[in-house]
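Inspection log for the structure reproduced underneath, given as structure tokens.
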Amino acid sequence: MRKALLIVSVLFIAVISTACINNIAVQELNNKANEFMMKGDYESAMNRLQASIDLDATMYETYYNLGIAATNAKKYETAIEAFENGIKLKPSHADFYYSLGVAQSSYADSLVEDSIYDEEKGETIKKKVTDEDKSKAEALKIAALENLKKYLEMEPKAEDRETVEELIKDCENFGKEVPPTQTKVIEVE
């Protein structure tokens with residue numbers, strides 16, 4: 001009986017020690033990620049945040065920060081996934097919905113851009129926008145619209161309400177034909 005109690009005690013201490021070590025490692029990774037974010041090194045921040053999630057996938061803040069870093073790095077699929085995973089952990093965190101909407105809207109815009117900047121070549125190149133790109137962009141704008149509206153429902157007195165309402169209008173108007181502007185011809189005498 002004593003051996004069994006000793007083994008259980010040793011295992012309990014080992015588990016507690018491992019948890020403490022993990023918490024310290026997670027905090028260190030998150031702090032380092034924050035430093036990289038402040039420097040604009042979003043790729044390195046994303047790497048640290050993903051490592052933090054690998055150690056402890058229960059911290060919603062880490063998912064939020066990963067989503068922010070990925071959005072800034074224009075890695076929209078990673079950002080969307082991070083925000084969605086964070087929402088699963090903490091659906092009452094309103095900022096997830098705003099940031100998810102921004103990532104979805106930005107991703108949609110990037111899909112329908114007809115040119116992109118190639119950093120390696122240092123030049124802008126033309127890109128063919130496919131019907132698949134357009135369809136995916138429309139679906140993303142619809143999802144963004146829902147998330148932005150949810151954010152405003154959760155934060156009715158949000159300081160950034162005007163900005164969010166502009167994003168909502170952008171999503172609502174996405175894909176609608178803009179009528180050509182009428183120009184008046186002036187005759188020169």
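In the structure tokens, chains take the letters A, B, ... in the order shown, each chain's residues start at 1, and ligands count up from 1 in the order shown.
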For this session: Give me every alpha helix (DSSP H) residue in stretch 10-174 of chain A, going by DSSP on the backbone, as a PyMOL selection string.
Result: chain A and resi 10-39+42-55+60-72+76-89+94-112+131-154+161-173
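The set of residues in stretch 5-186 of chain A assigned to strand (DSSP E or B) by DSSP, using only backbone atoms of this structure, is Ser115, Ile116, Tyr117, Asp118, Glu123, Thr124, Ile125 and Lys126 of chain A.
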Problem set entry | stretch 125-139 of chain A environment, 6 Å, only C-alpha atoms, sequence neighbours closer than 4 positions dropped, as a ChimeraX atom specification | /A:108,111-112,114-116
Exercise. Of the candidates A:Glu162, A:Glu119, A:Glu153, A:Glu43, which one gets nearest to A:Gly67 if we count only C-alpha atoms?
Worked result: A:Glu43
Problem set entry | A:Lys90 surroundings by only C-alpha atoms, 12 Å radius, close-in-sequence under 5 positions cut, as a PyMOL selection string | chain A and resi 58-64+83-85+95-97
Exercise. When you draw a straight line from atom CA of A:Thr124 to atom CA of A:Lys176, how long is it in Å?
Worked result: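 Answer for the atom CA of A:Thr124 to atom CA of A:Lys176 separation: 26.3 Å.
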For this session: Please provide the set of residues having any atom within 8 Å of A:Ile168, restricted to only C-alpha atoms, with same-chain residues fewer than 3 positions apart removed, written as a PyMOL selection string.
Result: chain A and resi 145+148-149+164-165+171-172
Could the residues in this selection be saved with all heavy atoms as a PDB file, in the first residue's frame?
ATOM      1  N   LEU A 145     -19.399  40.034 -42.600  1.00  0.00           N
ATOM      2  CA  LEU A 145     -20.560  40.855 -42.252  1.00  0.00           C
ATOM      3  C   LEU A 145     -21.236  40.329 -40.984  1.00  0.00           C
ATOM      4  O   LEU A 145     -21.530  41.092 -40.057  1.00  0.00           O
ATOM      5  CB  LEU A 145     -21.541  40.861 -43.430  1.00  0.00           C
ATOM      6  CG  LEU A 145     -22.816  41.666 -43.295  1.00  0.00           C
ATOM      7  CD1 LEU A 145     -22.498  43.142 -43.129  1.00  0.00           C
ATOM      8  CD2 LEU A 145     -23.688  41.461 -44.524  1.00  0.00           C
ATOM      9  N   LEU A 148     -18.885  40.990 -37.917  1.00  0.00           N
ATOM     10  CA  LEU A 148     -18.831  42.398 -37.540  1.00  0.00           C
ATOM     11  C   LEU A 148     -20.122  42.841 -36.857  1.00  0.00           C
ATOM     12  O   LEU A 148     -20.099  43.591 -35.871  1.00  0.00           O
ATOM     13  CB  LEU A 148     -18.547  43.263 -38.777  1.00  0.00           C
ATOM     14  CG  LEU A 148     -17.155  43.067 -39.392  1.00  0.00           C
ATOM     15  CD1 LEU A 148     -17.084  43.709 -40.764  1.00  0.00           C
ATOM     16  CD2 LEU A 148     -16.071  43.598 -38.465  1.00  0.00           C
ATOM     17  N   LYS A 149     -21.251  42.353 -37.363  1.00  0.00           N
ATOM     18  CA  LYS A 149     -22.534  42.668 -36.722  1.00  0.00           C
ATOM     19  C   LYS A 149     -22.604  42.057 -35.321  1.00  0.00           C
ATOM     20  O   LYS A 149     -23.100  42.691 -34.392  1.00  0.00           O
ATOM     21  CB  LYS A 149     -23.703  42.183 -37.582  1.00  0.00           C
ATOM     22  CG  LYS A 149     -23.937  43.044 -38.797  1.00  0.00           C
ATOM     23  CD  LYS A 149     -25.118  42.538 -39.605  1.00  0.00           C
ATOM     24  CE  LYS A 149     -25.411  43.446 -40.791  1.00  0.00           C
ATOM     25  NZ  LYS A 149     -26.559  42.953 -41.577  1.00  0.00           N
ATOM     26  N   VAL A 164     -16.310  50.159 -37.651  1.00  0.00           N
ATOM     27  CA  VAL A 164     -16.947  48.860 -37.881  1.00  0.00           C
ATOM     28  C   VAL A 164     -18.130  49.021 -38.830  1.00  0.00           C
ATOM     29  O   VAL A 164     -18.337  48.196 -39.729  1.00  0.00           O
ATOM     30  CB  VAL A 164     -17.384  48.217 -36.539  1.00  0.00           C
ATOM     31  CG1 VAL A 164     -18.111  46.906 -36.784  1.00  0.00           C
ATOM     32  CG2 VAL A 164     -16.176  47.998 -35.639  1.00  0.00           C
ATOM     33  N   GLU A 165     -18.880  50.076 -38.663  1.00  0.00           N
ATOM     34  CA  GLU A 165     -20.018  50.321 -39.567  1.00  0.00           C
ATOM     35  C   GLU A 165     -19.548  50.538 -41.006  1.00  0.00           C
ATOM     36  O   GLU A 165     -20.215  50.107 -41.949  1.00  0.00           O
ATOM     37  CB  GLU A 165     -20.852  51.499 -39.065  1.00  0.00           C
ATOM     38  CG  GLU A 165     -21.654  51.140 -37.827  1.00  0.00           C
ATOM     39  CD  GLU A 165     -22.352  52.317 -37.157  1.00  0.00           C
ATOM     40  OE1 GLU A 165     -22.017  53.490 -37.474  1.00  0.00           O
ATOM     41  OE2 GLU A 165     -23.242  52.061 -36.323  1.00  0.00           O
ATOM     42  N   CYS A 171     -18.690  45.372 -46.757  1.00  0.00           N
ATOM     43  CA  CYS A 171     -19.087  43.974 -46.963  1.00  0.00           C
ATOM     44  C   CYS A 171     -20.434  43.888 -47.682  1.00  0.00           C
ATOM     45  O   CYS A 171     -20.615  43.049 -48.569  1.00  0.00           O
ATOM     46  CB  CYS A 171     -19.162  43.236 -45.628  1.00  0.00           C
ATOM     47  SG  CYS A 171     -17.564  42.963 -44.860  1.00  0.00           S
ATOM     48  N   GLU A 172     -21.355  44.746 -47.299  1.00  0.00           N
ATOM     49  CA  GLU A 172     -22.686  44.742 -47.922  1.00  0.00           C
ATOM     50  C   GLU A 172     -22.612  45.137 -49.400  1.00  0.00           C
ATOM     51  O   GLU A 172     -23.385  44.638 -50.208  1.00  0.00           O
ATOM     52  CB  GLU A 172     -23.627  45.693 -47.181  1.00  0.00           C
ATOM     53  CG  GLU A 172     -24.016  45.200 -45.812  1.00  0.00           C
ATOM     54  CD  GLU A 172     -24.791  46.224 -44.991  1.00  0.00           C
ATOM     55  OE1 GLU A 172     -24.671  47.438 -45.230  1.00  0.00           O
ATOM     56  OE2 GLU A 172     -25.516  45.782 -44.072  1.00  0.00           O
TER      57      GLU A 172
END
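For the atom pair formed by atom CA of A:Lys74 and atom CA of A:Leu55, the distance is 24.9 Å, given to one decimal.
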